[in-house]
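J.: Next comes coords.cif, mmCIF, C-alpha atoms:
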data_start
loop_
_atom_site.label_atom_id
_atom_site.label_comp_id
_atom_site.auth_asym_id
_atom_site.auth_seq_id
_atom_site.Cartn_x
_atom_site.Cartn_y
_atom_site.Cartn_z
CA MET V 22 -5.34 -0.14 19.86
CA LYS V 23 -8.54 -0.52 21.87
CA LEU V 24 -11.76 0.31 20.04
CA GLY V 25 -14.45 1.55 22.42
CA ARG V 26 -18.08 0.58 22.25
CA LEU V 27 -19.81 3.60 20.71
CA GLY V 28 -18.86 5.81 17.80
CA VAL V 29 -20.31 8.18 15.23
CA TRP V 30 -20.54 7.82 11.45
CA TYR V 31 -21.04 10.98 9.43
CA SER V 32 -20.97 12.14 5.81
CA THR V 33 -18.11 14.59 6.15
CA ASP V 34 -18.26 15.88 2.56
CA LYS V 35 -21.12 18.18 3.57
CA LEU V 36 -18.87 20.12 5.98
CA ASP V 37 -16.12 22.68 5.33
CA GLY V 38 -12.90 22.85 7.32
CA SER V 39 -14.17 24.87 10.27
CA GLN V 40 -17.37 22.83 10.45
CA LEU V 41 -15.34 19.63 10.44
CA ARG V 42 -13.18 20.91 13.28
CA ASP V 43 -16.19 21.86 15.36
CA PHE V 44 -17.89 18.55 14.64
CA VAL V 45 -14.85 16.53 15.68
CA ARG V 46 -14.74 18.42 18.97
CA THR V 47 -18.46 17.81 19.51
CA VAL V 48 -18.03 14.07 18.97
CA GLU V 49 -14.99 13.92 21.23
CA ASN V 50 -16.47 16.09 23.97
CA ASN V 51 -19.56 13.86 24.12
CA GLY V 52 -17.32 10.91 24.93
CA TYR V 53 -17.67 8.86 21.76
CA ALA V 54 -14.79 6.51 21.09
CA ALA V 55 -14.51 6.94 17.33
CA LEU V 56 -15.56 8.99 14.33
CA TRP V 57 -16.03 7.21 10.99
CA TYR V 58 -16.18 8.93 7.60
CA PRO V 59 -16.70 7.83 3.97
CA GLU V 60 -14.81 8.41 0.74
CA SER V 61 -17.14 9.43 -2.06
CA ARG V 62 -16.94 12.41 -4.39
CA GLY V 63 -15.51 14.95 -1.96
CA TYR V 64 -12.55 14.79 0.39
CA GLU V 65 -9.70 12.37 -0.34
CA SER V 66 -9.66 9.80 2.43
CA MET V 67 -6.14 9.99 3.81
CA SER V 68 -6.01 13.79 3.60
CA LEU V 69 -9.25 13.99 5.53
CA ALA V 70 -8.03 11.49 8.13
CA THR V 71 -4.98 13.65 8.74
CA TYR V 72 -7.13 16.72 9.33
CA LEU V 73 -9.60 14.93 11.61
CA LEU V 74 -6.78 13.46 13.67
CA SER V 75 -5.15 16.88 13.98
CA CYS V 76 -8.42 18.34 15.30
CA SER V 77 -8.78 15.74 18.06
CA GLU V 78 -6.83 14.51 21.04
CA LYS V 79 -8.12 11.03 21.93
CA LEU V 80 -10.72 10.25 19.30
CA ILE V 81 -10.12 7.27 17.03
CA ILE V 82 -10.66 8.18 13.38
CA GLY V 83 -11.79 5.46 11.01
CA SER V 84 -12.32 5.41 7.25
CA SER V 85 -15.63 3.79 6.41
CA ILE V 86 -14.59 3.27 3.82
CA ALA V 87 -11.45 4.08 1.87
CA ASN V 88 -11.97 2.93 -1.71
CA ILE V 89 -9.44 0.25 -2.73
CA TYR V 90 -9.46 1.65 -6.27
CA ALA V 91 -8.27 5.07 -5.06
CA ARG V 92 -4.77 3.96 -4.02
CA ASP V 93 -2.66 0.83 -4.29
CA SER V 94 -2.24 -1.52 -1.36
CA TYR V 95 1.30 -0.40 -0.58
CA THR V 96 0.19 3.23 -0.35
CA ALA V 97 -2.68 2.19 1.92
CA LEU V 98 -0.24 0.29 4.14
CA ARG V 99 2.10 3.27 4.41
CA ALA V 100 -0.88 5.52 5.19
CA VAL V 101 -2.13 3.40 8.10
CA ILE V 102 1.39 3.08 9.50
CA SER V 103 2.19 6.77 9.03
CA LEU V 104 -1.03 8.11 10.51
CA ASN V 105 -0.76 5.89 13.56
CA ALA V 106 2.87 6.82 14.10
CA LEU V 107 2.13 10.54 13.83
CA TYR V 108 -1.13 10.63 15.80
CA GLY V 109 -0.71 8.26 18.71
CA GLY V 110 -2.18 5.09 17.26
CA ARG V 111 -5.65 6.51 16.59
CA PHE V 112 -6.39 5.59 12.95
CA ILE V 113 -8.34 2.62 11.60
CA LEU V 114 -8.18 1.92 7.89
CA GLY V 115 -11.58 0.64 6.82
CA LEU V 116 -11.47 -0.60 3.24
CA GLY V 117 -14.20 -1.27 0.70
CA VAL V 118 -14.68 -2.28 -2.91
CA SER V 119 -17.13 0.62 -3.39
CA HIS V 120 -19.64 0.44 -6.24
CA ILE V 121 -19.50 0.24 -10.03
CA PRO V 122 -20.57 3.88 -10.65
CA MET V 123 -17.89 5.14 -8.24
CA VAL V 124 -15.17 2.95 -9.73
CA GLU V 125 -15.87 2.76 -13.46
CA GLY V 126 -17.97 5.87 -13.99
CA LEU V 127 -16.10 8.26 -11.70
CA ARG V 128 -12.54 6.89 -11.56
CA GLY V 129 -12.31 5.12 -14.92
CA HIS V 130 -11.12 1.81 -13.46
CA ARG V 131 -12.46 -1.66 -14.16
CA TYR V 132 -14.62 -2.97 -11.31
CA ASP V 133 -13.29 -6.45 -10.60
CA LYS V 134 -15.05 -9.25 -8.75
CA PRO V 135 -15.35 -7.86 -5.21
CA LEU V 136 -14.10 -10.88 -3.26
CA ALA V 137 -11.04 -11.44 -5.44
CA ALA V 138 -10.22 -7.73 -5.57
CA MET V 139 -10.39 -7.31 -1.81
CA GLY V 140 -8.46 -10.51 -1.15
CA ALA V 141 -5.61 -9.42 -3.41
CA TYR V 142 -5.59 -5.95 -1.84
CA LEU V 143 -5.38 -7.33 1.69
CA ASP V 144 -2.62 -9.70 0.60
CA GLY V 145 -0.69 -6.71 -0.71
CA ILE V 146 -1.05 -4.94 2.64
CA ASN V 147 -0.27 -7.95 4.78
CA LYS V 148 2.82 -9.13 2.90
CA SER V 149 4.65 -5.89 3.71
CA ALA V 150 3.13 -5.23 7.14
CA PRO V 151 5.53 -5.02 10.09
CA SER V 152 5.53 -7.83 12.61
CA GLY V 153 3.80 -7.44 15.95
CA GLU V 154 0.26 -6.33 16.69
CA PRO V 155 -2.12 -6.77 13.74
CA LEU V 156 -2.67 -3.62 11.73
CA PRO V 157 -5.93 -1.73 12.41
CA VAL V 158 -7.35 -2.62 9.00
CA MET V 159 -11.01 -3.57 8.56
CA VAL V 160 -13.27 -4.44 5.65
CA ALA V 161 -16.71 -3.22 4.60
CA ALA V 162 -18.20 -6.71 4.47
CA LEU V 163 -21.84 -7.61 3.93
CA GLY V 164 -22.08 -11.12 2.46
CA PRO V 165 -20.81 -14.26 4.19
CA LYS V 166 -17.83 -14.73 1.88
CA MET V 167 -16.57 -11.17 2.36
CA LEU V 168 -17.11 -11.52 6.12
CA ALA V 169 -15.04 -14.70 6.12
CA LEU V 170 -12.31 -12.89 4.17
CA SER V 171 -12.40 -10.08 6.74
CA ALA V 172 -11.90 -12.60 9.52
CA ALA V 173 -9.02 -14.29 7.76
CA LYS V 174 -7.07 -11.26 6.56
CA SER V 175 -8.00 -8.22 8.69
CA ARG V 176 -9.02 -7.04 12.16
CA GLY V 177 -12.71 -7.36 11.35
CA ALA V 178 -15.64 -5.82 9.52
CA VAL V 179 -17.42 -2.47 9.22
CA PRO V 180 -20.91 -3.30 7.84
CA TYR V 181 -23.15 -0.47 6.63
CA ASN V 182 -26.92 -0.34 6.12
CA VAL V 183 -27.58 -3.49 8.12
CA THR V 184 -29.89 -4.83 10.84
CA PRO V 185 -29.29 -6.67 14.14
CA GLN V 186 -30.06 -9.88 12.23
CA HIS V 187 -27.09 -9.18 9.98
CA THR V 188 -24.97 -8.28 13.01
CA ARG V 189 -25.75 -11.67 14.56
CA GLU V 190 -24.81 -13.49 11.36
CA ALA V 191 -21.64 -11.40 10.93
CA ALA V 192 -20.52 -12.02 14.52
CA ALA V 193 -20.89 -15.76 13.99
CA VAL V 194 -18.67 -15.64 10.90
CA LEU V 195 -16.05 -13.31 12.38
CA GLY V 196 -15.68 -14.99 15.75
CA PRO V 197 -15.08 -13.38 19.15
CA SER V 198 -11.54 -12.15 18.51
CA LYS V 199 -12.44 -9.77 15.66
CA TRP V 200 -13.84 -6.25 15.66
CA LEU V 201 -17.38 -5.83 14.37
CA ALA V 202 -18.15 -2.11 13.97
CA VAL V 203 -21.74 -1.67 12.80
CA GLU V 204 -23.20 1.54 11.37
CA GLN V 205 -26.77 2.42 12.38
CA LYS V 206 -28.78 5.46 11.21
CA VAL V 207 -30.79 7.26 13.89
CA THR V 208 -33.09 10.25 14.15
CA ILE V 209 -34.72 11.56 17.31
CA GLU V 210 -38.11 12.22 15.76
CA THR V 211 -41.34 10.86 17.23
CA ASP V 212 -43.60 11.73 14.29
CA PRO V 213 -43.67 8.61 12.06
CA ALA V 214 -44.26 10.51 8.83
CA LYS V 215 -41.43 12.99 9.47
CA ALA V 216 -39.02 10.27 10.62
CA ARG V 217 -39.69 8.07 7.61
CA ALA V 218 -39.39 11.00 5.22
CA LEU V 219 -35.94 11.76 6.62
CA GLY V 220 -35.05 8.08 6.33
CA ARG V 221 -36.19 7.76 2.73
CA LYS V 222 -34.24 10.83 1.69
CA GLU V 223 -31.10 9.56 3.42
CA LEU V 224 -31.40 6.07 1.93
CA SER V 225 -32.33 7.13 -1.61
CA ARG V 226 -28.76 7.13 -2.92
CA TYR V 227 -28.16 3.62 -1.60
CA MET V 228 -31.36 2.10 -2.98
CA VAL V 229 -29.95 1.93 -6.52
CA LEU V 230 -26.69 0.21 -5.59
CA PRO V 231 -26.65 -3.58 -6.16
CA ASN V 232 -24.29 -4.37 -3.27
CA TYR V 233 -26.78 -3.03 -0.74
CA ARG V 234 -29.90 -4.28 -2.49
CA ASN V 235 -28.54 -7.81 -2.66
CA ASN V 236 -27.75 -7.76 1.04
CA TRP V 237 -31.21 -6.47 1.93
CA LEU V 238 -32.73 -9.30 -0.09
CA ARG V 239 -30.51 -11.78 1.78
CA LEU V 240 -31.87 -10.31 5.02
CA GLY V 241 -35.43 -11.12 3.97
CA PHE V 242 -36.72 -7.89 2.47
CA THR V 243 -38.57 -8.25 -0.81
CA GLU V 244 -38.20 -6.36 -4.06
CA ALA V 245 -41.60 -4.81 -3.37
CA GLU V 246 -40.32 -3.48 -0.03
CA LEU V 247 -37.35 -1.88 -1.79
CA ALA V 248 -39.50 -0.17 -4.42
CA ASP V 249 -40.77 3.42 -4.40
CA GLY V 250 -38.41 4.65 -1.70
CA GLY V 251 -38.82 1.64 0.57
CA SER V 252 -41.70 0.29 2.63
CA ASP V 253 -42.33 1.47 6.17
CA ARG V 254 -40.99 -1.84 7.50
CA PHE V 255 -37.77 -1.42 5.54
CA ILE V 256 -37.27 2.23 6.52
CA ASP V 257 -37.95 1.44 10.19
CA ALA V 258 -35.29 -1.28 10.07
CA MET V 259 -32.70 0.98 8.48
CA VAL V 260 -33.31 4.15 10.51
CA LEU V 261 -34.02 3.98 14.23
CA TRP V 262 -36.46 6.74 15.16
CA GLY V 263 -38.44 7.85 18.17
CA ASP V 264 -37.33 9.30 21.48
CA ALA V 265 -33.82 8.80 22.81
CA ASP V 266 -34.73 5.77 24.94
CA THR V 267 -36.33 4.02 21.97
CA ILE V 268 -33.24 4.59 19.86
CA LYS V 269 -30.93 3.41 22.64
CA ARG V 270 -32.84 0.13 22.77
CA GLY V 271 -32.33 -0.25 19.04
CA LEU V 272 -28.61 0.39 19.36
CA HIS V 273 -28.38 -2.12 22.20
CA ALA V 274 -29.92 -4.73 19.88
CA HIS V 275 -26.71 -4.64 17.81
CA PHE V 276 -24.58 -5.16 20.92
CA GLU V 277 -26.79 -8.03 22.01
CA ALA V 278 -26.37 -9.54 18.54
CA GLY V 279 -22.57 -9.48 18.85
CA ALA V 280 -21.34 -6.07 17.70
CA THR V 281 -18.17 -4.95 19.44
CA HIS V 282 -18.70 -1.34 18.33
CA VAL V 283 -21.75 0.54 17.05
CA CYS V 284 -21.35 3.82 15.15
CA LEU V 285 -24.56 5.81 15.04
CA GLN V 286 -25.24 8.07 12.09
CA PRO V 287 -27.45 11.06 12.97
CA VAL V 288 -30.02 11.69 10.24
CA HIS V 289 -31.36 15.24 10.11
CA ALA V 290 -32.75 17.85 7.76
CA ASP V 291 -30.22 19.48 5.45
CA GLY V 292 -28.09 21.98 7.32
CA ASP V 293 -29.75 21.36 10.69
CA PHE V 294 -26.50 20.76 12.52
CA ALA V 295 -28.05 21.83 15.81
CA ALA V 296 -30.42 18.84 15.61
CA ARG V 297 -27.45 16.61 14.83
CA ASP V 298 -25.55 17.82 17.86
CA ARG V 299 -28.59 17.43 20.11
CA MET V 300 -28.90 13.82 18.99
CA LEU V 301 -25.24 13.14 19.70
CA ALA V 302 -25.58 14.59 23.20
CA ALA V 303 -28.78 12.65 23.92
CA LEU V 304 -27.40 9.28 22.76
CA ALA V 305 -23.85 9.54 24.12
CA ASP V 306 -24.57 7.42 27.18
CA THR V 307 -26.03 4.49 25.20
#
Output the file's structure as structure tokens, nothing else.
T.:
Amino acid sequence: MKLGRLGVWYSTDKLDGSQLRDFVRTVENNGYAALWYPESRGYESMSLATYLLSCSEKLIIGSSIANIYARDSYTALRAVISLNALYGGRFILGLGVSHIPMVEGLRGHRYDKPLAAMGAYLDGINKSAPSGEPLPVMVAALGPKMLALSAAKSRGAVPYNVTPQHTREAAAVLGPSKWLAVEQKVTIETDPAKARALGRKELSRYMVLPNYRNNWLRLGFTEAELADGGSDRFIDAMVLWGDADTIKRGLHAHFEAGATHVCLQPVHADGDFAARDRMLAALADT
């Protein structure tokens, strides 16, 4: 499998079946290489992947991420093999340890130490994997130890809520032979107050999760900058805003830092899918 340079990340739970189908076609028709989707409280990850693959012809579909507590490693292995066999080798299994509220509160499992849990899960996949080309399995890695695990036991990493500084550090850990698919939020909005308001609303659900907060602190943000919805400096780092050319320069910063793939996430007002689609069209030639 060859992963192209530019993709799209989108919260698919907000869309029904017909909206999902139309969105997939919009992403594919604009020439993006891949569409990435999460697993949260809505659609089950492998079921959704099947539907998205069936709605597309060439688009790579990637989970970002499938929760390792939602299915055992053998089931995950059979899913990645099955989906690629049935849909022309177009599925990437991105895996993540998720967060304590999603694992213990929602699913009723015990949230184990992230590094050990992911290492054991990847071992379970790899021990039964067929020989030949490495499986298209990636890891939602933020810290240096999880990045090193991604390099050792998978095709690479799919970091989320990061900056070009993190991309540079991640690329150094992963090495040149691994995939580094970085998510970046964007909004084509030139009014600073409106852009930052959209950014704060989008980021609010992540601000309370320790995995992200700890990574932001490692990147040099302070607790004060993470308080009260986030400082302007923090929001501007997390959500690229401005005109299309300004945003393209921000996306290129990830490539210059070593990303092999950047998946932009269009941030827009609730239900304003027309704005989303305009952004995808305007940024497709990044």
J.: Extract, using all atoms listed in the file, all DNA, RNA and protein residues at most 6 Å from region 51-61 of chain V, discarding same-chain residues fewer than 5 positions from it, and format them as a list of chain:residue names.
T.: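 That gives V:Gly25, V:Leu27, V:Gly28, V:Val29, V:Trp30, V:Tyr31, V:Ser66, V:Leu80, V:Ile81, V:Ile82, V:Gly83, V:Ser84, V:Ser85, V:Ile86, V:Ala87.
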J.: Here's the selection I'm unsure about, the PyMOL selection byres ((chain V and resi 224) around 10); applied to the file above, which residues does it give, as a VMD selection string?
T.: chain V and resid 182 206 218 to 223 225 to 229 250 to 251 256 259 to 260
J.: Choose the residue, out of V:Lys166, V:Arg189, V:Arg239, V:Lys35, that has the smallest atom-to-atom separation from Phe276 (chain V); count only C-alpha atoms.
T.: V:Arg189
J.: As a check of understanding, name the residues that the PyMOL selection byres ((chain V and resi 190) around 12) selects in the supplied structure, as an MDAnalysis selection string.
T.: chainID V and resid 162:166 168:169 180 183:189 191:196 201 239:240 275 278:280
J.: Can you tell me how far CA of Glu65 (chain V) sits from CA of Asp144 (chain V), in Å to one decimal?
T.: 23.2 Å
J.: Work out how far apart CA of Ser75 (chain V) and CA of Leu114 (chain V) are and give it in Å to one decimal.
T.: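 CA of Leu114 (chain V) lies 16.4 Å from CA of Ser75 (chain V).
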J.: Looking at V:Gly263, V:Tyr64, V:Glu49, V:Gly153, which one is nearest to Ala216 (chain V), with distances taken over all atoms listed in the file?
T.: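 With all atoms listed in the file as the atom set, the closest residue is V:Gly263.
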J.: For the structure just given, write the atoms of region 135-147 of chain V, namely N, CA and C atoms, as a short mmCIF file (atom, residue, chain, number, x, y, z; two decimals), in the first residue's frame.
T.:
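Contents of out.cif, as written:
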data_model
loop_
_atom_site.label_atom_id
_atom_site.label_comp_id
_atom_site.auth_asym_id
_atom_site.auth_seq_id
_atom_site.Cartn_x
_atom_site.Cartn_y
_atom_site.Cartn_z
N PRO V 135 -0.77 2.48 29.39
CA PRO V 135 -0.88 2.58 27.94
C PRO V 135 0.22 1.87 27.16
N LEU V 136 1.46 2.04 27.56
CA LEU V 136 2.56 1.46 26.79
C LEU V 136 2.51 -0.06 26.82
N ALA V 137 2.29 -0.63 28.00
CA ALA V 137 2.23 -2.08 28.12
C ALA V 137 1.01 -2.64 27.39
N ALA V 138 -0.12 -1.94 27.50
CA ALA V 138 -1.34 -2.43 26.84
C ALA V 138 -1.18 -2.43 25.33
N MET V 139 -0.63 -1.36 24.78
CA MET V 139 -0.44 -1.30 23.33
C MET V 139 0.61 -2.30 22.87
N GLY V 140 1.68 -2.44 23.62
CA GLY V 140 2.71 -3.41 23.23
C GLY V 140 2.17 -4.82 23.16
N ALA V 141 1.38 -5.21 24.16
CA ALA V 141 0.80 -6.55 24.17
C ALA V 141 -0.19 -6.72 23.01
N TYR V 142 -0.94 -5.68 22.72
CA TYR V 142 -1.93 -5.75 21.63
C TYR V 142 -1.23 -5.92 20.28
N LEU V 143 -0.18 -5.15 20.05
CA LEU V 143 0.56 -5.28 18.80
C LEU V 143 1.24 -6.64 18.70
N ASP V 144 1.73 -7.15 19.81
CA ASP V 144 2.32 -8.50 19.80
C ASP V 144 1.27 -9.52 19.38
N GLY V 145 0.05 -9.36 19.88
CA GLY V 145 -1.02 -10.28 19.52
C GLY V 145 -1.35 -10.23 18.04
N ILE V 146 -1.30 -9.04 17.44
CA ILE V 146 -1.52 -8.91 16.01
C ILE V 146 -0.38 -9.51 15.23
N ASN V 147 0.83 -9.15 15.61
CA ASN V 147 2.00 -9.53 14.81
C ASN V 147 2.31 -11.03 14.85
#
